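Written out below as structure tokens is the structure these notes cover.
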Amino acid sequence: DVKVTQSSRYLVKRTGEKVFLECVQDMDHENMFWYRQDPGLGLRLIYFSYDVKMKEKGDIPEGYSVSREKKERFSLILESASTNQTSMYLCASRARTGLTEYFGPGTRLTVT
Amino acid sequence: GNSVTQMEGPVTLSEEAFLTINCTYTATGYPSLFWYVQYPGEGLQLLLKATKADDKGSNKGFEATYRKETTSFHLEKGSVQVSDSAVYFCALLRMDTGRRALTFGSGTRLQVQP
């Protein structure tokens, strides 16, 4: 069974902290994605990656960075967390020529 | 740019009622269209998809038809169950551009009462 896992289901951080969210997929997918989900706004794309060490900005990259050193792992980094980054963060992966995205369970991040 | 518009929720129905959730899109070219579902406490999972005009996607009793003339992909189910209570997202994907990532609508929460 396909699997996308995220390092934490719930996370509480303080303003100004550096935050790492980790995502691992076991399907050998080339494409990986980070979204944030907010009520009434749906899912908005933060960053995506087509391959190892490749990254592309999505719609709302400000305040975030990413790292993809291995094919199976895609990390989202909040350089200096702020309260407006309190949200649900969802990771997904997709095969290079596939159409279906597979999602992790999400990390609910609260920044106080 | 690409965009997806869904009807706002929540949609509250009684068990066995007919469901329609409207979805319209704006995109150039020929996008693929999707419905994803998010059950409480879980990530999203693909419900159904259609890749070209007049295609009908179907799964678990849900259906949606790709209507290019009306730029729509409405989700329907003839008889909903309590277990269908979830948030439903309409999305599009264009594989012929540099941005090969999904564009989502805002989601519609469905609540089915026994």
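Residues are referred to by chain and number: the chain letter is A, B, ... according to the order shown in the structure tokens, the number counts from 1 in that chain, and ligands are numbered separately from 1 in the order shown.
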Worksheet item: Any idea which chain B residues end up within 6 Å of chain A if we count only C-alpha atoms, as a VMD selection string please?
Response: chain B and resid 42 to 44 104 to 107
Step one, run DSSP on the backbone; step two, keep only residues of chain A assigned to strand (DSSP E or B); then write them as a compact mmCIF listing (two decimals) with all heavy atoms, in the first residue's frame.
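And here is the file that came out, part.txt:
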# COMPACT_ATOMS: atom_id res chain seq x y z
N VAL A 4 2.59 7.92 2.42
CA VAL A 4 3.27 9.19 2.64
C VAL A 4 3.16 9.47 4.14
O VAL A 4 2.03 9.53 4.67
CB VAL A 4 2.63 10.33 1.83
CG1 VAL A 4 3.35 11.65 2.12
CG2 VAL A 4 2.67 10.02 0.34
N THR A 5 4.29 9.63 4.79
CA THR A 5 4.25 9.88 6.23
C THR A 5 4.83 11.25 6.53
O THR A 5 5.72 11.74 5.83
CB THR A 5 5.04 8.80 6.99
OG1 THR A 5 6.38 8.76 6.49
CG2 THR A 5 4.41 7.44 6.81
N GLN A 6 4.31 11.87 7.58
CA GLN A 6 4.79 13.16 8.04
C GLN A 6 5.26 13.00 9.47
O GLN A 6 4.67 12.23 10.24
CB GLN A 6 3.70 14.22 7.90
CG GLN A 6 3.30 14.45 6.44
CD GLN A 6 2.29 15.55 6.24
OE1 GLN A 6 1.30 15.37 5.55
NE2 GLN A 6 2.52 16.69 6.85
N TYR A 10 0.86 16.78 15.35
CA TYR A 10 0.64 18.07 16.01
C TYR A 10 1.98 18.63 16.47
O TYR A 10 2.85 17.89 16.92
CB TYR A 10 -0.28 17.90 17.23
CG TYR A 10 -1.64 17.34 16.90
CD1 TYR A 10 -1.88 15.98 16.98
CD2 TYR A 10 -2.67 18.17 16.49
CE1 TYR A 10 -3.12 15.45 16.66
CE2 TYR A 10 -3.92 17.65 16.17
CZ TYR A 10 -4.13 16.29 16.25
OH TYR A 10 -5.36 15.77 15.93
N LEU A 11 2.09 19.96 16.32
CA LEU A 11 3.35 20.62 16.69
C LEU A 11 3.00 21.99 17.24
O LEU A 11 2.17 22.71 16.64
CB LEU A 11 4.21 20.75 15.44
CG LEU A 11 5.72 20.76 15.53
CD1 LEU A 11 6.24 19.57 16.32
CD2 LEU A 11 6.32 20.77 14.13
N VAL A 12 3.63 22.35 18.36
CA VAL A 12 3.45 23.69 18.92
C VAL A 12 4.83 24.33 19.04
O VAL A 12 5.74 23.75 19.64
CB VAL A 12 2.77 23.64 20.30
CG1 VAL A 12 2.61 25.06 20.86
CG2 VAL A 12 1.41 22.95 20.21
N LYS A 13 4.99 25.50 18.44
CA LYS A 13 6.26 26.21 18.43
C LYS A 13 6.05 27.66 18.84
O LYS A 13 4.94 28.19 18.76
CB LYS A 13 6.89 26.15 17.03
CG LYS A 13 7.27 24.75 16.58
CD LYS A 13 8.41 24.19 17.41
CE LYS A 13 8.82 22.82 16.95
NZ LYS A 13 9.93 22.27 17.77
N VAL A 19 11.53 25.89 12.37
CA VAL A 19 10.69 24.70 12.42
C VAL A 19 10.96 23.83 11.19
O VAL A 19 11.05 24.34 10.06
CB VAL A 19 9.19 25.08 12.44
CG1 VAL A 19 8.32 23.84 12.53
CG2 VAL A 19 8.89 26.02 13.61
N PHE A 20 11.10 22.53 11.42
CA PHE A 20 11.30 21.57 10.34
C PHE A 20 10.11 20.61 10.29
O PHE A 20 9.78 19.98 11.29
CB PHE A 20 12.58 20.76 10.58
CG PHE A 20 13.84 21.54 10.51
CD1 PHE A 20 14.31 22.22 11.63
CD2 PHE A 20 14.56 21.62 9.33
CE1 PHE A 20 15.49 22.96 11.57
CE2 PHE A 20 15.73 22.35 9.26
CZ PHE A 20 16.20 23.02 10.38
N LEU A 21 9.50 20.51 9.13
CA LEU A 21 8.46 19.51 8.90
C LEU A 21 9.00 18.53 7.87
O LEU A 21 9.46 18.92 6.80
CB LEU A 21 7.18 20.17 8.37
CG LEU A 21 6.55 21.26 9.25
CD1 LEU A 21 5.27 21.76 8.62
CD2 LEU A 21 6.30 20.77 10.65
N GLU A 22 8.94 17.23 8.23
CA GLU A 22 9.51 16.21 7.38
C GLU A 22 8.43 15.37 6.72
O GLU A 22 7.40 15.07 7.33
CB GLU A 22 10.41 15.28 8.21
CG GLU A 22 11.50 15.98 9.00
CD GLU A 22 12.65 16.43 8.13
OE1 GLU A 22 12.80 15.88 7.01
OE2 GLU A 22 13.38 17.33 8.54
N CYS A 23 8.71 14.97 5.49
CA CYS A 23 7.77 14.13 4.74
C CYS A 23 8.56 13.04 4.04
O CYS A 23 9.60 13.32 3.42
CB CYS A 23 7.04 14.98 3.71
SG CYS A 23 5.96 14.05 2.60
N VAL A 24 8.09 11.80 4.15
CA VAL A 24 8.74 10.67 3.51
C VAL A 24 7.71 9.87 2.73
O VAL A 24 6.63 9.59 3.24
CB VAL A 24 9.43 9.77 4.56
CG1 VAL A 24 10.05 8.55 3.88
CG2 VAL A 24 10.47 10.54 5.33
N GLN A 25 8.09 9.50 1.48
CA GLN A 25 7.22 8.63 0.68
C GLN A 25 7.98 7.38 0.27
O GLN A 25 9.19 7.43 0.05
CB GLN A 25 6.68 9.40 -0.55
CG GLN A 25 7.72 10.10 -1.39
CD GLN A 25 8.19 9.37 -2.61
OE1 GLN A 25 7.75 8.26 -2.91
NE2 GLN A 25 9.13 9.98 -3.34
N ASN A 31 7.96 13.51 -7.97
CA ASN A 31 7.38 14.79 -7.57
C ASN A 31 6.92 14.76 -6.12
O ASN A 31 6.27 13.81 -5.68
CB ASN A 31 6.15 15.11 -8.44
CG ASN A 31 6.49 15.19 -9.90
OD1 ASN A 31 7.44 15.85 -10.29
ND2 ASN A 31 5.72 14.50 -10.73
N MET A 32 7.25 15.83 -5.39
CA MET A 32 6.75 15.98 -4.03
C MET A 32 6.31 17.42 -3.82
O MET A 32 6.85 18.35 -4.46
CB MET A 32 7.81 15.57 -3.00
CG MET A 32 8.15 14.09 -3.08
SD MET A 32 9.22 13.51 -1.75
CE MET A 32 8.04 13.45 -0.37
N PHE A 33 5.33 17.60 -2.93
CA PHE A 33 4.65 18.88 -2.78
C PHE A 33 4.41 19.20 -1.29
O PHE A 33 4.16 18.30 -0.50
CB PHE A 33 3.27 18.84 -3.46
CG PHE A 33 3.32 18.37 -4.89
CD1 PHE A 33 3.27 17.02 -5.19
CD2 PHE A 33 3.39 19.28 -5.93
CE1 PHE A 33 3.31 16.58 -6.51
CE2 PHE A 33 3.44 18.85 -7.25
CZ PHE A 33 3.40 17.50 -7.53
N TRP A 34 4.44 20.47 -0.97
CA TRP A 34 3.99 20.96 0.33
C TRP A 34 2.86 21.96 0.12
O TRP A 34 3.00 22.92 -0.66
CB TRP A 34 5.11 21.64 1.11
CG TRP A 34 5.96 20.70 1.88
CD1 TRP A 34 7.24 20.30 1.60
CD2 TRP A 34 5.60 20.02 3.09
NE1 TRP A 34 7.68 19.42 2.54
CE2 TRP A 34 6.71 19.24 3.48
CE3 TRP A 34 4.46 20.01 3.90
CZ2 TRP A 34 6.70 18.45 4.62
CZ3 TRP A 34 4.45 19.23 5.02
CH2 TRP A 34 5.56 18.45 5.38
N TYR A 35 1.73 21.72 0.84
CA TYR A 35 0.59 22.62 0.82
C TYR A 35 0.29 23.06 2.25
O TYR A 35 0.59 22.34 3.20
CB TYR A 35 -0.67 21.89 0.32
CG TYR A 35 -0.62 21.35 -1.08
CD1 TYR A 35 -0.17 20.06 -1.33
CD2 TYR A 35 -1.08 22.11 -2.15
CE1 TYR A 35 -0.16 19.54 -2.62
CE2 TYR A 35 -1.07 21.60 -3.45
CZ TYR A 35 -0.60 20.31 -3.66
OH TYR A 35 -0.60 19.80 -4.94
N ARG A 36 -0.37 24.21 2.36
CA ARG A 36 -1.00 24.53 3.63
C ARG A 36 -2.51 24.63 3.41
O ARG A 36 -2.97 25.05 2.33
CB ARG A 36 -0.43 25.78 4.29
CG ARG A 36 -0.62 27.08 3.61
CD ARG A 36 -0.07 28.24 4.45
NE ARG A 36 -1.00 28.66 5.50
CZ ARG A 36 -0.73 29.58 6.41
NH1 ARG A 36 0.44 30.20 6.42
NH2 ARG A 36 -1.62 29.90 7.32
N GLN A 37 -3.24 24.19 4.42
CA GLN A 37 -4.69 24.13 4.34
C GLN A 37 -5.29 25.02 5.40
O GLN A 37 -5.03 24.84 6.59
CB GLN A 37 -5.19 22.69 4.54
CG GLN A 37 -6.69 22.55 4.45
CD GLN A 37 -7.16 21.13 4.66
OE1 GLN A 37 -6.39 20.23 5.00
NE2 GLN A 37 -8.45 20.90 4.45
N ASP A 38 -6.08 25.98 4.98
CA ASP A 38 -6.74 26.91 5.89
C ASP A 38 -8.22 26.97 5.56
O ASP A 38 -8.60 26.92 4.38
CB ASP A 38 -6.13 28.31 5.77
CG ASP A 38 -4.65 28.33 6.11
OD1 ASP A 38 -4.35 28.17 7.30
OD2 ASP A 38 -3.81 28.47 5.20
N GLY A 42 -9.02 26.45 1.06
CA GLY A 42 -8.62 25.20 0.42
C GLY A 42 -7.15 24.92 0.67
O GLY A 42 -6.60 25.28 1.71
N LEU A 43 -6.51 24.27 -0.29
CA LEU A 43 -5.08 23.97 -0.20
C LEU A 43 -4.33 24.93 -1.10
O LEU A 43 -4.69 25.12 -2.27
CB LEU A 43 -4.80 22.54 -0.66
CG LEU A 43 -4.96 21.44 0.37
CD1 LEU A 43 -6.42 21.18 0.66
CD2 LEU A 43 -4.28 20.17 -0.10
N ARG A 44 -3.27 25.50 -0.56
CA ARG A 44 -2.42 26.40 -1.34
C ARG A 44 -1.01 25.84 -1.38
O ARG A 44 -0.47 25.41 -0.37
CB ARG A 44 -2.43 27.80 -0.72
CG ARG A 44 -3.78 28.50 -0.82
CD ARG A 44 -3.74 29.86 -0.16
NE ARG A 44 -3.60 29.75 1.28
CZ ARG A 44 -3.29 30.76 2.08
NH1 ARG A 44 -3.05 31.97 1.57
NH2 ARG A 44 -3.20 30.59 3.38
N LEU A 45 -0.44 25.87 -2.57
CA LEU A 45 0.87 25.26 -2.81
C LEU A 45 1.98 26.17 -2.30
O LEU A 45 2.07 27.33 -2.69
CB LEU A 45 1.03 24.98 -4.30
CG LEU A 45 2.31 24.30 -4.74
CD1 LEU A 45 2.37 22.87 -4.19
CD2 LEU A 45 2.40 24.29 -6.26
N ILE A 46 2.86 25.61 -1.47
CA ILE A 46 3.98 26.38 -0.93
C ILE A 46 5.22 26.19 -1.81
O ILE A 46 5.79 27.15 -2.32
CB ILE A 46 4.29 25.95 0.52
CG1 ILE A 46 3.04 26.08 1.40
CG2 ILE A 46 5.43 26.81 1.09
CD1 ILE A 46 3.22 25.49 2.79
N TYR A 47 5.64 24.95 -1.96
CA TYR A 47 6.79 24.58 -2.78
C TYR A 47 6.55 23.20 -3.36
O TYR A 47 5.80 22.41 -2.81
CB TYR A 47 8.08 24.51 -1.94
CG TYR A 47 8.90 25.76 -1.87
CD1 TYR A 47 8.76 26.64 -0.79
CD2 TYR A 47 9.83 26.06 -2.86
CE1 TYR A 47 9.53 27.80 -0.72
CE2 TYR A 47 10.60 27.22 -2.78
CZ TYR A 47 10.44 28.07 -1.71
OH TYR A 47 11.20 29.22 -1.63
N PHE A 48 7.21 22.92 -4.48
CA PHE A 48 7.23 21.57 -4.98
C PHE A 48 8.60 21.23 -5.56
O PHE A 48 9.43 22.12 -5.76
CB PHE A 48 6.10 21.32 -5.99
CG PHE A 48 6.08 22.24 -7.18
CD1 PHE A 48 6.47 21.78 -8.43
CD2 PHE A 48 5.64 23.55 -7.06
CE1 PHE A 48 6.41 22.62 -9.53
CE2 PHE A 48 5.58 24.38 -8.17
CZ PHE A 48 5.97 23.92 -9.41
N SER A 49 8.79 19.93 -5.78
CA SER A 49 10.09 19.45 -6.23
C SER A 49 9.87 18.36 -7.27
O SER A 49 9.10 17.43 -7.05
CB SER A 49 10.87 18.89 -5.04
OG SER A 49 12.02 18.19 -5.48
N GLU A 56 10.81 24.25 -6.73
CA GLU A 56 10.13 25.33 -7.42
C GLU A 56 9.19 26.01 -6.44
O GLU A 56 8.53 25.34 -5.63
CB GLU A 56 9.30 24.80 -8.60
CG GLU A 56 10.09 24.14 -9.71
CD GLU A 56 10.76 25.16 -10.60
OE1 GLU A 56 10.36 26.33 -10.56
OE2 GLU A 56 11.69 24.77 -11.35
N LYS A 57 9.07 27.32 -6.52
CA LYS A 57 8.14 28.05 -5.66
C LYS A 57 6.71 27.80 -6.12
O LYS A 57 6.44 27.73 -7.33
CB LYS A 57 8.44 29.54 -5.71
CG LYS A 57 9.75 29.91 -5.05
CD LYS A 57 9.98 31.41 -5.12
CE LYS A 57 11.29 31.78 -4.46
NZ LYS A 57 11.55 33.24 -4.53
N TYR A 64 9.01 30.47 3.90
CA TYR A 64 9.29 29.04 3.88
C TYR A 64 10.50 28.73 2.99
O TYR A 64 10.80 29.48 2.07
CB TYR A 64 8.10 28.26 3.33
CG TYR A 64 6.79 28.47 4.04
CD1 TYR A 64 5.89 29.43 3.60
CD2 TYR A 64 6.46 27.71 5.17
CE1 TYR A 64 4.68 29.64 4.25
CE2 TYR A 64 5.25 27.91 5.81
CZ TYR A 64 4.37 28.87 5.34
OH TYR A 64 3.17 29.06 5.99
N SER A 65 11.16 27.62 3.26
CA SER A 65 12.13 27.06 2.34
C SER A 65 11.97 25.55 2.37
O SER A 65 11.23 25.02 3.21
CB SER A 65 13.55 27.48 2.70
OG SER A 65 13.89 27.00 3.98
N VAL A 66 12.62 24.86 1.44
CA VAL A 66 12.50 23.41 1.37
C VAL A 66 13.86 22.79 1.09
O VAL A 66 14.80 23.47 0.65
CB VAL A 66 11.50 22.95 0.27
CG1 VAL A 66 10.08 23.31 0.64
CG2 VAL A 66 11.89 23.53 -1.08
N SER A 67 13.91 21.49 1.33
CA SER A 67 15.13 20.74 1.06
C SER A 67 14.75 19.37 0.56
O SER A 67 13.87 18.71 1.12
CB SER A 67 15.95 20.61 2.35
OG SER A 67 17.04 19.75 2.16
N ARG A 68 15.44 18.93 -0.51
CA ARG A 68 15.22 17.58 -1.03
C ARG A 68 16.58 16.99 -1.37
O ARG A 68 17.04 17.06 -2.49
CB ARG A 68 14.30 17.58 -2.23
CG ARG A 68 13.93 16.16 -2.65
CD ARG A 68 12.53 16.05 -3.09
NE ARG A 68 12.17 14.69 -3.47
CZ ARG A 68 11.56 14.37 -4.58
NH1 ARG A 68 11.23 15.32 -5.46
NH2 ARG A 68 11.24 13.12 -4.84
N GLU A 69 17.17 16.35 -0.38
CA GLU A 69 18.49 15.73 -0.54
C GLU A 69 18.40 14.28 -0.98
O GLU A 69 19.33 13.74 -1.59
CB GLU A 69 19.27 15.82 0.78
CG GLU A 69 19.57 17.26 1.19
CD GLU A 69 20.48 17.95 0.21
OE1 GLU A 69 21.45 17.32 -0.27
OE2 GLU A 69 20.22 19.13 -0.11
N LYS A 70 17.28 13.63 -0.66
CA LYS A 70 17.04 12.25 -1.09
C LYS A 70 15.67 12.18 -1.76
O LYS A 70 14.77 12.95 -1.44
CB LYS A 70 17.10 11.29 0.10
CG LYS A 70 18.46 11.18 0.73
CD LYS A 70 18.47 10.11 1.81
CE LYS A 70 19.87 9.95 2.38
NZ LYS A 70 19.92 8.88 3.41
N ARG A 73 12.49 11.94 0.54
CA ARG A 73 12.28 12.87 1.65
C ARG A 73 12.22 14.31 1.17
O ARG A 73 13.08 14.75 0.39
CB ARG A 73 13.42 12.70 2.66
CG ARG A 73 13.24 13.47 3.94
CD ARG A 73 14.44 13.21 4.86
NE ARG A 73 14.52 11.80 5.23
CZ ARG A 73 13.96 11.27 6.30
NH1 ARG A 73 13.25 12.03 7.11
NH2 ARG A 73 14.10 9.99 6.56
N PHE A 74 11.23 15.03 1.67
CA PHE A 74 11.05 16.44 1.27
C PHE A 74 10.72 17.21 2.53
O PHE A 74 9.72 16.94 3.20
CB PHE A 74 9.90 16.54 0.26
CG PHE A 74 9.75 17.86 -0.44
CD1 PHE A 74 10.86 18.63 -0.78
CD2 PHE A 74 8.51 18.34 -0.80
CE1 PHE A 74 10.72 19.83 -1.44
CE2 PHE A 74 8.35 19.54 -1.48
CZ PHE A 74 9.47 20.29 -1.80
N SER A 75 11.57 18.15 2.88
CA SER A 75 11.44 18.87 4.14
C SER A 75 10.98 20.30 3.90
O SER A 75 11.45 20.96 2.97
CB SER A 75 12.78 18.89 4.88
OG SER A 75 13.25 17.57 5.10
N LEU A 76 10.10 20.74 4.76
CA LEU A 76 9.63 22.14 4.75
C LEU A 76 10.23 22.83 5.97
O LEU A 76 10.14 22.30 7.08
CB LEU A 76 8.11 22.19 4.79
CG LEU A 76 7.49 23.59 4.78
CD1 LEU A 76 7.69 24.26 3.43
CD2 LEU A 76 6.00 23.51 5.13
N ILE A 77 10.80 24.01 5.75
CA ILE A 77 11.47 24.74 6.82
C ILE A 77 10.83 26.11 6.97
O ILE A 77 10.67 26.84 5.98
CB ILE A 77 12.97 24.89 6.50
CG1 ILE A 77 13.59 23.51 6.28
CG2 ILE A 77 13.69 25.63 7.63
CD1 ILE A 77 14.80 23.50 5.39
N LEU A 78 10.45 26.40 8.21
CA LEU A 78 10.00 27.75 8.55
C LEU A 78 11.19 28.43 9.23
O LEU A 78 11.57 28.06 10.35
CB LEU A 78 8.80 27.71 9.48
CG LEU A 78 7.44 27.31 8.88
CD1 LEU A 78 7.43 25.89 8.37
CD2 LEU A 78 6.33 27.56 9.88
N SER A 87 -1.27 26.65 10.97
CA SER A 87 -2.05 26.07 9.88
C SER A 87 -1.90 24.56 9.89
O SER A 87 -1.14 23.99 10.68
CB SER A 87 -1.55 26.62 8.53
OG SER A 87 -2.38 26.21 7.46
N MET A 88 -2.62 23.90 8.97
CA MET A 88 -2.42 22.48 8.69
C MET A 88 -1.51 22.39 7.46
O MET A 88 -1.77 23.03 6.44
CB MET A 88 -3.76 21.80 8.39
CG MET A 88 -3.63 20.37 7.88
SD MET A 88 -3.08 19.24 9.16
CE MET A 88 -4.67 18.86 9.90
N TYR A 89 -0.46 21.59 7.57
CA TYR A 89 0.49 21.42 6.47
C TYR A 89 0.38 20.00 5.93
O TYR A 89 0.47 19.02 6.68
CB TYR A 89 1.91 21.71 6.94
CG TYR A 89 2.11 23.18 7.22
CD1 TYR A 89 1.82 23.71 8.48
CD2 TYR A 89 2.55 24.05 6.22
CE1 TYR A 89 1.96 25.06 8.73
CE2 TYR A 89 2.69 25.41 6.47
CZ TYR A 89 2.39 25.90 7.72
OH TYR A 89 2.53 27.25 7.97
N LEU A 90 0.19 19.90 4.63
CA LEU A 90 0.02 18.61 3.97
C LEU A 90 1.12 18.40 2.95
O LEU A 90 1.42 19.28 2.15
CB LEU A 90 -1.34 18.56 3.26
CG LEU A 90 -2.57 18.51 4.17
CD1 LEU A 90 -3.82 18.77 3.38
CD2 LEU A 90 -2.66 17.17 4.87
N CYS A 91 1.69 17.22 2.99
CA CYS A 91 2.69 16.80 2.02
C CYS A 91 2.04 15.82 1.05
O CYS A 91 1.13 15.07 1.42
CB CYS A 91 3.85 16.14 2.75
SG CYS A 91 5.10 15.42 1.68
N ALA A 92 2.51 15.82 -0.20
CA ALA A 92 1.98 14.89 -1.19
C ALA A 92 3.09 14.47 -2.14
O ALA A 92 4.11 15.16 -2.27
CB ALA A 92 0.83 15.53 -1.97
N SER A 93 2.89 13.34 -2.81
CA SER A 93 3.84 12.91 -3.83
C SER A 93 3.07 12.38 -5.04
O SER A 93 1.90 12.00 -4.94
CB SER A 93 4.79 11.83 -3.30
OG SER A 93 4.11 10.59 -3.13
N ARG A 94 3.77 12.39 -6.18
CA ARG A 94 3.16 11.92 -7.43
C ARG A 94 4.26 11.43 -8.35
O ARG A 94 5.34 12.02 -8.42
CB ARG A 94 2.40 13.07 -8.10
CG ARG A 94 1.51 12.66 -9.27
CD ARG A 94 0.76 13.85 -9.88
NE ARG A 94 1.62 14.65 -10.74
CZ ARG A 94 1.70 15.98 -10.67
NH1 ARG A 94 1.00 16.64 -9.77
NH2 ARG A 94 2.48 16.62 -11.50
N TYR A 102 -0.70 11.51 -3.82
CA TYR A 102 -0.91 10.77 -2.58
C TYR A 102 -0.50 11.67 -1.43
O TYR A 102 0.62 12.19 -1.42
CB TYR A 102 -0.10 9.48 -2.59
CG TYR A 102 -0.54 8.52 -3.66
CD1 TYR A 102 0.02 8.59 -4.93
CD2 TYR A 102 -1.53 7.58 -3.42
CE1 TYR A 102 -0.40 7.72 -5.94
CE2 TYR A 102 -1.96 6.71 -4.41
CZ TYR A 102 -1.38 6.79 -5.67
OH TYR A 102 -1.80 5.94 -6.66
N PHE A 103 -1.41 11.81 -0.47
CA PHE A 103 -1.20 12.76 0.61
C PHE A 103 -0.85 12.07 1.92
O PHE A 103 -1.32 10.97 2.22
CB PHE A 103 -2.48 13.58 0.83
CG PHE A 103 -2.69 14.65 -0.21
CD1 PHE A 103 -3.24 14.34 -1.43
CD2 PHE A 103 -2.32 15.96 0.05
CE1 PHE A 103 -3.42 15.32 -2.41
CE2 PHE A 103 -2.49 16.95 -0.91
CZ PHE A 103 -3.04 16.63 -2.14
N THR A 107 0.23 17.79 9.25
CA THR A 107 0.78 18.27 10.51
C THR A 107 0.06 19.55 10.88
O THR A 107 0.09 20.51 10.11
CB THR A 107 2.29 18.55 10.41
OG1 THR A 107 2.99 17.35 10.14
CG2 THR A 107 2.80 19.18 11.70
N ARG A 108 -0.59 19.54 12.03
CA ARG A 108 -1.23 20.78 12.50
C ARG A 108 -0.23 21.54 13.34
O ARG A 108 0.13 21.10 14.43
CB ARG A 108 -2.50 20.48 13.29
CG ARG A 108 -3.24 21.76 13.68
CD ARG A 108 -4.63 21.50 14.18
NE ARG A 108 -5.54 20.96 13.16
CZ ARG A 108 -6.11 21.66 12.21
NH1 ARG A 108 -5.87 22.97 12.11
NH2 ARG A 108 -6.92 21.10 11.35
N LEU A 109 0.22 22.66 12.82
CA LEU A 109 1.23 23.49 13.48
C LEU A 109 0.56 24.69 14.12
O LEU A 109 -0.21 25.40 13.48
CB LEU A 109 2.28 23.97 12.46
CG LEU A 109 3.29 24.99 12.97
CD1 LEU A 109 4.21 24.37 14.01
CD2 LEU A 109 4.10 25.57 11.82
N THR A 110 0.88 24.88 15.39
CA THR A 110 0.43 26.08 16.11
C THR A 110 1.65 26.87 16.53
O THR A 110 2.57 26.32 17.16
CB THR A 110 -0.39 25.70 17.35
OG1 THR A 110 -1.52 24.91 16.95
CG2 THR A 110 -0.88 26.95 18.07
N VAL A 111 1.67 28.15 16.16
CA VAL A 111 2.76 29.03 16.54
C VAL A 111 2.22 30.05 17.54
O VAL A 111 1.27 30.78 17.24
CB VAL A 111 3.36 29.75 15.32
CG1 VAL A 111 4.54 30.63 15.75
CG2 VAL A 111 3.81 28.74 14.26
| request: Would you mind reading off the distance between CA of Thr83 (chain A) and CA of Gly16 (chain A), one decimal, in Å? | output: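 CA of Gly16 (chain A) lies 9.3 Å from CA of Thr83 (chain A).
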Separating CA of Lys55 (chain A) from CA of Arg99 (chain B), to the nearest tenth of an Å, is a gap of 11.5 Å
Students should find that CA of Asp55 (chain B) and CA of Gln38 (chain B) are spaced 23.4 Å
Show me, as a ChimeraX atom specification, the residues that have an atom within 9 Å of region 83-94 of chain B when counting only C-alpha atoms, minus same-chain residues fewer than 4 positions from it. /A:42-43,99 /B:2-6,10,21-25,27,29-40,44,47,73-75,98-113
